[in-house]
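Written below as structure tokens is the structure these notes are about.
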Amino acid sequence: MSKKPFLTLEKAREIIEKYPTPFHIYDEAGIRKNAQQLKDAFSWNKGYKEYFAVKATPNPFLVKILREYGCGCDCSSKTELMLAKTVGALGDDIMFSSNDTPSDEFAYCAKLGGIINLDDISHIELVEKACGRLPEKMSCRYNPGGVFKLSNGIMDNPGDAKYGMTHDQILKAFAILKDKGVKKFGLHAFLCSNTVSDEYYPMLAKVLFELAAEIKEKVGVSISFINLSGGVGIPYLPDQEPNDISKIGIGVHKVFNEVLVPAGLGDVSIYTELGRYMTGPYGALITTAINHKHIYKEYIGVDACAANLMRPAMYGAYHHITVLGKENAECSRKYDITGSLCENNDKFAIDRMMPEIEKGDILFIHDTGAHGFSMGYNYNGKLRSAELLLRSDSSVQMIRRAETAADYFATFDCFDFYESLITE
């Protein structure tokens, strides 16, 4: 199998004439199609809502597109809450799932009317003090501990994660919230990251649905919504099969009917909190080969670096790379594809079999539409690149300009220092 870029060489060259590499570019048509398929997959649930994980791609132009499909915003900081507000997401369109949260951020979320998703039982008192009183609708995040394993070998260790409450804590938390006058309750958990498996959501749903039934029986609280969070991933590797969101929706529906309906909870709304799944495959980092170094290995240096895409350096994550115009060429050369940071892990690929790459070739680094630009940084004085949107009509719109040296120096108290630099 192979991955197909959503840009041709000709289109890339046309764009580069106006917007030099490196840059991130997003495929509007792909994002729209994917959002509609997700909506259709859960249409059986009357209250279904997707809360797009803003941290994945915090660009208001993209969030606005998703808002057209009924998506809310999953936020984890005050700045993300502010972004949600700018795109018109207020009230129940905001899910605030944060951890180790400053009290002023709880207060700001409450001011916007957003749903606070408590990560820790001690935060009940913190929210009450910050907001004056508890909001009428609140959610609690569950951590079942132990190890969560799917039959296809995917495993995560919730017991080693800093998120959520234990089983006993969450029962106690709902009892406290009930006594303090909260009227509507939600339940949330995140147990695995980037699963390429149709099993994950149904298995997670069963854990949460059974807990909701127990909460009703033991605490007398009827859960209004259950948030399956994120974790539905994308196939970074070219030989991986993508998730079938339709099958996932059917699987969750089956467990819903088996567990919640008999428990008298058939009116529970299902929420999701996807980020990577929503935009990941529909973004790419476009970069130009600028150097070929031959020492003990063959290195192709490009004008992007880990400051543009951190995942390979940080996690050893795989991102497929297509040399535009050479899609069908034989992969006969072994390269490390590197950036210019003063770090040896600044590599987009290691010992990757590729077509022969020449200076000036344009590389399409796949699947950067989530946790790509958003994880960028300024190490070595690198400036964040532009973000572009390939519109459905094939036009291109800049949706975030590239940083300049003025941006880099703007936060210094002595800004005249920068002024002296540019006048030299």
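Residue numbering restarts at 1 for every chain of the structure tokens, chains are lettered A, B, ... in their displayed order, and ligands are numbered from 1 as they appear.
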With the cut-off set at 7 Å and counting only C-alpha atoms, tabulate each residue of region 329-401 of chain A with an atom at most that distance from an atom of region 19-28 of chain A, showing the nearest atom pair and its distance in Å to one decimal, ordered by chain and increasing number, as a tab-separated table.
residue	atom	partner	partner_atom	distance
A:Gly369	CA	A:Tyr26	CA	6.6
A:Ser385	CA	A:Phe23	CA	5.2
A:Ala386	CA	A:Phe23	CA	5.1
A:Glu387	CA	A:His24	CA	4.8
A:Leu388	CA	A:Ile25	CA	4.5
A:Leu389	CA	A:Tyr26	CA	4.9
A:Leu390	CA	A:Asp27	CA	5.1
A:Arg391	CA	A:Glu28	CA	5.3
A:Ser392	CA	A:Glu28	CA	5.7
List the spatial neighbours of region 285-300 of chain A as a CSV table (one decimal) with N, CA and C atoms, in the first residue's frame - criterion: any atom at most 8 Å away, only C-alpha atoms, same-chain residues fewer than 3 positions off excluded.
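Contents of the output file out-v2.csv:
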chain,number,residue,atom,x,y,z
A,21,THR,N,8.5,27.4,1.2
A,21,THR,CA,8.6,26.4,2.2
A,21,THR,C,9.5,26.8,3.3
A,22,PRO,N,9.3,26.2,4.5
A,22,PRO,CA,8.3,25.1,4.8
A,22,PRO,C,7.0,25.7,5.2
A,23,PHE,N,5.9,25.0,5.0
A,23,PHE,CA,4.6,25.4,5.5
A,23,PHE,C,3.7,24.1,5.7
A,24,HIS,N,2.7,24.3,6.6
A,24,HIS,CA,1.7,23.3,6.8
A,24,HIS,C,0.5,23.6,5.9
A,25,ILE,N,-0.1,22.6,5.3
A,25,ILE,CA,-1.2,22.9,4.4
A,25,ILE,C,-2.3,21.8,4.8
A,303,ASP,N,14.5,22.2,4.5
A,303,ASP,CA,14.4,23.5,5.1
A,303,ASP,C,13.4,23.5,6.3
A,304,ALA,N,12.7,22.4,6.6
A,304,ALA,CA,11.9,22.3,7.8
A,304,ALA,C,12.8,21.6,8.9
A,308,ASN,N,9.1,22.5,13.3
A,308,ASN,CA,7.9,22.5,12.5
A,308,ASN,C,7.1,21.3,12.8
A,309,LEU,N,7.7,20.2,13.1
A,309,LEU,CA,7.0,18.9,13.4
A,309,LEU,C,7.9,18.1,14.4
A,334,LYS,N,18.7,4.8,0.5
A,334,LYS,CA,18.5,4.9,2.0
A,334,LYS,C,19.0,6.2,2.5
A,335,TYR,N,18.0,7.0,3.2
A,335,TYR,CA,18.4,8.3,3.7
A,335,TYR,C,17.9,8.5,5.1
A,336,ASP,N,18.6,9.4,5.8
A,336,ASP,CA,18.1,10.1,6.9
A,336,ASP,C,17.6,11.4,6.4
A,337,ILE,N,16.4,11.8,6.7
A,337,ILE,CA,15.8,13.1,6.3
A,337,ILE,C,15.9,14.0,7.5
A,338,THR,N,16.7,15.1,7.4
A,338,THR,CA,17.1,15.9,8.6
A,338,THR,C,16.8,17.3,8.5
A,357,ILE,N,16.8,11.6,-4.2
A,357,ILE,CA,16.4,12.9,-3.9
A,357,ILE,C,17.5,13.9,-4.3
A,358,GLU,N,17.1,14.9,-5.0
A,358,GLU,CA,18.0,15.9,-5.5
A,358,GLU,C,17.7,17.3,-4.8
A,359,LYS,N,18.7,18.1,-4.7
A,359,LYS,CA,18.4,19.5,-4.2
A,359,LYS,C,17.3,20.1,-5.0
A,360,GLY,N,16.3,20.7,-4.3
A,360,GLY,CA,15.2,21.4,-4.9
A,360,GLY,C,14.0,20.5,-5.0
A,361,ASP,N,14.1,19.2,-4.7
A,361,ASP,CA,12.9,18.4,-4.7
A,361,ASP,C,12.0,18.8,-3.5
A,362,ILE,N,10.7,18.6,-3.7
A,362,ILE,CA,9.7,19.0,-2.8
A,362,ILE,C,9.2,17.8,-2.1
A,363,LEU,N,9.3,17.8,-0.7
A,363,LEU,CA,8.8,16.6,0.1
A,363,LEU,C,7.5,16.9,0.7
A,364,PHE,N,6.6,16.0,0.7
A,364,PHE,CA,5.3,16.0,1.3
A,364,PHE,C,5.3,15.1,2.5
A,365,ILE,N,5.4,15.7,3.7
A,365,ILE,CA,5.4,14.9,4.9
A,365,ILE,C,3.9,14.7,5.4
A,366,HIS,N,3.5,13.5,5.3
A,366,HIS,CA,2.0,13.2,5.5
A,366,HIS,C,1.6,13.3,7.0
A,368,THR,N,0.3,15.4,9.1
A,368,THR,CA,0.7,16.5,10.1
A,368,THR,C,-0.4,17.4,10.5
I'd like the neighbourhood of region 110-115 of chain A as a CSV table (one decimal) with N, CA, C and O atoms, in the first residue's frame, where a residue qualifies if any of its atoms comes within 9 Å (using only C-alpha atoms), though same-chain residues fewer than 6 positions away should be ignored.
chain,number,residue,atom,x,y,z
A,81,LEU,N,-9.8,28.1,25.5
A,81,LEU,CA,-11.1,28.6,25.8
A,81,LEU,C,-11.4,29.9,25.0
A,81,LEU,O,-12.5,30.2,24.5
A,85,LYS,N,-14.2,30.8,22.1
A,85,LYS,CA,-15.1,31.9,22.1
A,85,LYS,C,-15.0,32.7,20.8
A,85,LYS,O,-16.1,33.2,20.3
A,89,ALA,N,-18.1,29.4,20.0
A,89,ALA,CA,-18.4,28.3,20.8
A,89,ALA,C,-18.6,28.7,22.3
A,89,ALA,O,-17.6,29.1,22.9
A,90,LEU,N,-19.8,28.7,22.8
A,90,LEU,CA,-20.1,29.1,24.1
A,90,LEU,C,-21.0,28.1,24.8
A,90,LEU,O,-21.6,27.2,24.1
A,91,GLY,N,-21.2,28.2,26.1
A,91,GLY,CA,-22.1,27.3,26.8
A,91,GLY,C,-21.7,25.8,26.5
A,91,GLY,O,-20.6,25.4,26.6
A,92,ASP,N,-22.8,25.0,26.2
A,92,ASP,CA,-22.5,23.6,26.0
A,92,ASP,C,-21.7,23.2,24.8
A,92,ASP,O,-21.4,22.0,24.6
A,93,ASP,N,-21.3,24.2,24.0
A,93,ASP,CA,-20.4,23.9,22.9
A,93,ASP,C,-18.9,23.8,23.4
A,93,ASP,O,-18.0,23.5,22.6
A,94,ILE,N,-18.7,24.0,24.7
A,94,ILE,CA,-17.3,23.9,25.3
A,94,ILE,C,-17.3,22.8,26.3
A,94,ILE,O,-18.1,22.7,27.2
A,95,MET,N,-16.3,21.9,26.1
A,95,MET,CA,-15.9,20.9,27.1
A,95,MET,C,-14.5,21.3,27.6
A,95,MET,O,-13.6,21.3,26.8
A,96,PHE,N,-14.4,21.6,28.9
A,96,PHE,CA,-13.1,22.0,29.5
A,96,PHE,C,-12.5,20.8,30.2
A,96,PHE,O,-12.8,20.5,31.3
A,97,SER,N,-11.6,20.0,29.5
A,97,SER,CA,-11.0,18.8,30.0
A,97,SER,C,-9.5,19.2,30.3
A,97,SER,O,-8.7,19.0,29.4
A,131,CYS,N,-15.6,29.8,41.2
A,131,CYS,CA,-16.8,30.2,40.5
A,131,CYS,C,-17.9,30.8,41.4
A,131,CYS,O,-18.9,31.3,41.0
A,134,LEU,N,-21.0,25.9,42.4
A,134,LEU,CA,-20.7,24.9,41.3
A,134,LEU,C,-21.7,25.1,40.2
A,134,LEU,O,-22.9,25.4,40.4
A,135,PRO,N,-21.3,25.0,38.9
A,135,PRO,CA,-22.2,25.0,37.8
A,135,PRO,C,-23.3,23.9,37.9
A,135,PRO,O,-23.0,22.9,38.6
A,137,LYS,N,-24.2,21.9,35.6
A,137,LYS,CA,-23.8,20.8,34.8
A,137,LYS,C,-22.3,20.6,34.9
A,137,LYS,O,-21.5,21.5,34.7
A,138,MET,N,-21.9,19.3,35.3
A,138,MET,CA,-20.5,19.0,35.5
A,138,MET,C,-20.2,17.6,35.1
A,138,MET,O,-21.1,16.7,35.1
A,139,SER,N,-19.0,17.3,34.8
A,139,SER,CA,-18.5,16.0,34.4
A,139,SER,C,-17.4,15.6,35.2
A,139,SER,O,-16.6,16.4,35.8
*Restricting the calculation to only C-alpha atoms, which member of A:Ala189, A:Val396, A:Ala263, A:Ile124 is positioned closest to Asn227 (chain A)?*
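Smallest separation from Asn227 (chain A) among the options: A:Ala189.
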*Non-local contacts of Lys149 (chain A) (12 Å; only C-alpha atoms; under 6 positions in same chain excluded) as a PyMOL selection string*: chain A and resi 155-158+191-193+195+197+199-200+203-204
Write to file, as an mmCIF file, in the first residue's frame, the residues of the selection just made, with N, CA and C atoms.
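Produced file part.cif, reproduced below:
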data_model
loop_
_atom_site.group_PDB
_atom_site.id
_atom_site.type_symbol
_atom_site.label_atom_id
_atom_site.label_comp_id
_atom_site.auth_asym_id
_atom_site.auth_seq_id
_atom_site.Cartn_x
_atom_site.Cartn_y
_atom_site.Cartn_z
ATOM 1 N N MET A 155 -2.095 -1.624 23.577
ATOM 2 C CA MET A 155 -2.151 -1.611 25.040
ATOM 3 C C MET A 155 -1.801 -0.227 25.565
ATOM 4 N N ASP A 156 -2.470 0.160 26.622
ATOM 5 C CA ASP A 156 -2.085 1.368 27.333
ATOM 6 C C ASP A 156 -2.222 1.088 28.817
ATOM 7 N N ASN A 157 -1.637 1.941 29.615
ATOM 8 C CA ASN A 157 -1.579 1.710 31.055
ATOM 9 C C ASN A 157 -2.213 2.872 31.796
ATOM 10 N N PRO A 158 -3.556 2.875 31.928
ATOM 11 C CA PRO A 158 -4.215 3.970 32.638
ATOM 12 C C PRO A 158 -3.697 4.162 34.058
ATOM 13 N N LEU A 191 -8.475 6.105 27.650
ATOM 14 C CA LEU A 191 -7.672 4.962 28.069
ATOM 15 C C LEU A 191 -6.573 4.571 27.089
ATOM 16 N N CYS A 192 -6.701 4.918 25.827
ATOM 17 C CA CYS A 192 -5.696 4.557 24.831
ATOM 18 C C CYS A 192 -5.501 5.708 23.859
ATOM 19 N N SER A 193 -4.314 5.818 23.309
ATOM 20 C CA SER A 193 -4.006 6.892 22.374
ATOM 21 C C SER A 193 -3.747 6.333 20.987
ATOM 22 N N THR A 195 -5.410 4.654 18.620
ATOM 23 C CA THR A 195 -5.709 3.269 18.279
ATOM 24 C C THR A 195 -6.152 3.190 16.821
ATOM 25 N N SER A 197 -7.972 0.687 15.457
ATOM 26 C CA SER A 197 -8.758 -0.499 15.786
ATOM 27 C C SER A 197 -10.216 -0.088 15.948
ATOM 28 N N GLU A 199 -12.211 -1.713 17.646
ATOM 29 C CA GLU A 199 -12.627 -2.262 18.942
ATOM 30 C C GLU A 199 -12.596 -1.231 20.071
ATOM 31 N N TYR A 200 -11.732 -0.219 19.951
ATOM 32 C CA TYR A 200 -11.440 0.613 21.115
ATOM 33 C C TYR A 200 -12.677 1.316 21.676
ATOM 34 N N MET A 203 -15.187 -0.983 23.430
ATOM 35 C CA MET A 203 -14.683 -1.501 24.706
ATOM 36 C C MET A 203 -14.676 -0.428 25.781
ATOM 37 N N LEU A 204 -14.232 0.773 25.409
ATOM 38 C CA LEU A 204 -14.257 1.891 26.356
ATOM 39 C C LEU A 204 -15.697 2.218 26.752
#
*as a PyMOL selection string, which residues of region 150-297 of chain A does DSSP assign to helix (DSSP H, G or I)?*
chain A and resi 158-160+167-179+200-219+245-260+276-282
_Which of A:Ala213, A:Gly275, A:Pro238, A:Met375 sits closest to Thr322 (chain A) [using only C-alpha atoms]_ =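 The shortest atom-to-atom distance to Thr322 (chain A) comes from A:Pro238.
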*Kindly indicate which residue among A:Val259, A:Ile399, A:Ala212, A:Leu66 lies nearest to Asn34 (chain A), using only C-alpha atoms for the distances.*
A:Leu66
_Could you pull out the strand (DSSP E or B) residues of region 74-170 of chain A, going by DSSP on the backbone, and write them as a list of chain:residue names?_
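Filtering region 74-170 of chain A down to strand (DSSP E or B) leaves A:Asp74, A:Cys75, A:Ile94, A:Met95, A:Phe96, A:Ser97, A:Ile115, A:Ile116, A:Asn117, A:Leu118, A:Lys137, A:Met138, A:Ser139, A:Cys140, A:Arg141, A:Tyr142, A:Phe148, A:Lys149, A:Met155, A:Asp156, A:Met165.
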_Using Å and a single decimal, report how far CA of Ala205 (chain A) sits from CA of Leu260 (chain A)._
10.1 Å
*What does the distance from CA of Ala284 (chain A) to CA of Leu62 (chain A) come to in Å, to one decimal?*
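Computing it gives 14.2 Å between the two atoms.
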*Pick the closest to Val219 (chain A) from A:Glu128, A:Leu177, A:Gly88, A:Gly283: which is it, counting only C-alpha atoms?*
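Of A:Glu128, A:Leu177, A:Gly88, A:Gly283, the one nearest Val219 (chain A), counting only C-alpha atoms, is A:Leu177.
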_Pick from A:Gly325, A:Gly220, A:Gly280, A:Gly233, whichever lies nearest to Ala12 (chain A) using only C-alpha atoms_ =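 Of A:Gly325, A:Gly220, A:Gly280, A:Gly233, the one nearest Ala12 (chain A), counting only C-alpha atoms, is A:Gly325.
Each of A:Pro202, A:Asp367, A:His320, A:Phe174 was compared to Ile234 (chain A) using only C-alpha atoms, and A:Asp367 turns out to be the nearest.
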If you count only C-alpha atoms, which residues fall within 8 Å of Thr279 (chain A), apart from same-chain ones fewer than 5 positions away, as a PDB file with N, CA, C and O atoms, in the first residue's frame?
ATOM      1  N   ILE A  31     -11.257  17.195   5.243  1.00  0.00           N
ATOM      2  CA  ILE A  31     -11.764  17.473   6.584  1.00  0.00           C
ATOM      3  C   ILE A  31     -13.287  17.452   6.598  1.00  0.00           C
ATOM      4  O   ILE A  31     -13.908  16.869   7.494  1.00  0.00           O
ATOM      5  N   THR A  57      -5.083  21.004  16.554  1.00  0.00           N
ATOM      6  CA  THR A  57      -4.851  21.977  15.482  1.00  0.00           C
ATOM      7  C   THR A  57      -5.571  23.274  15.844  1.00  0.00           C
ATOM      8  O   THR A  57      -6.691  23.521  15.379  1.00  0.00           O
ATOM      9  N   GLY A 369      -1.666  16.996  10.139  1.00  0.00           N
ATOM     10  CA  GLY A 369      -2.817  17.861  10.387  1.00  0.00           C
ATOM     11  C   GLY A 369      -3.246  17.941  11.835  1.00  0.00           C
ATOM     12  O   GLY A 369      -4.149  18.709  12.177  1.00  0.00           O
ATOM     13  N   ALA A 370      -2.642  17.151  12.697  1.00  0.00           N
ATOM     14  CA  ALA A 370      -2.896  17.219  14.138  1.00  0.00           C
ATOM     15  C   ALA A 370      -1.575  17.006  14.860  1.00  0.00           C
ATOM     16  O   ALA A 370      -0.777  16.162  14.470  1.00  0.00           O
TER      17      ALA A 370
END
*Contacts of His253 (chain A) at 12 Å or less, counting only C-alpha atoms, minus same-chain residues fewer than 3 places along, as a PyMOL selection string?*
chain A and resi 41-46+48+201-203+205-206+209+246-250+256-261+266+268-270
*Excluding region 346-350 of chain A and any residue of its chain fewer than 2 positions from it, enumerate the residues within 6 Å of it, using only C-alpha atoms, and give them as a list in words.*
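In the requested form, the answer reads Ala306, Pro312, Ala313, Asp336, Ile337, Thr338, Gly339, Glu343, Asn344 and Arg352 of chain A.
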*Could you work out how far CA of Tyr163 (chain A) lies from CA of Lys129 (chain A), giving the answer in Å with one decimal?*
22.0 Å
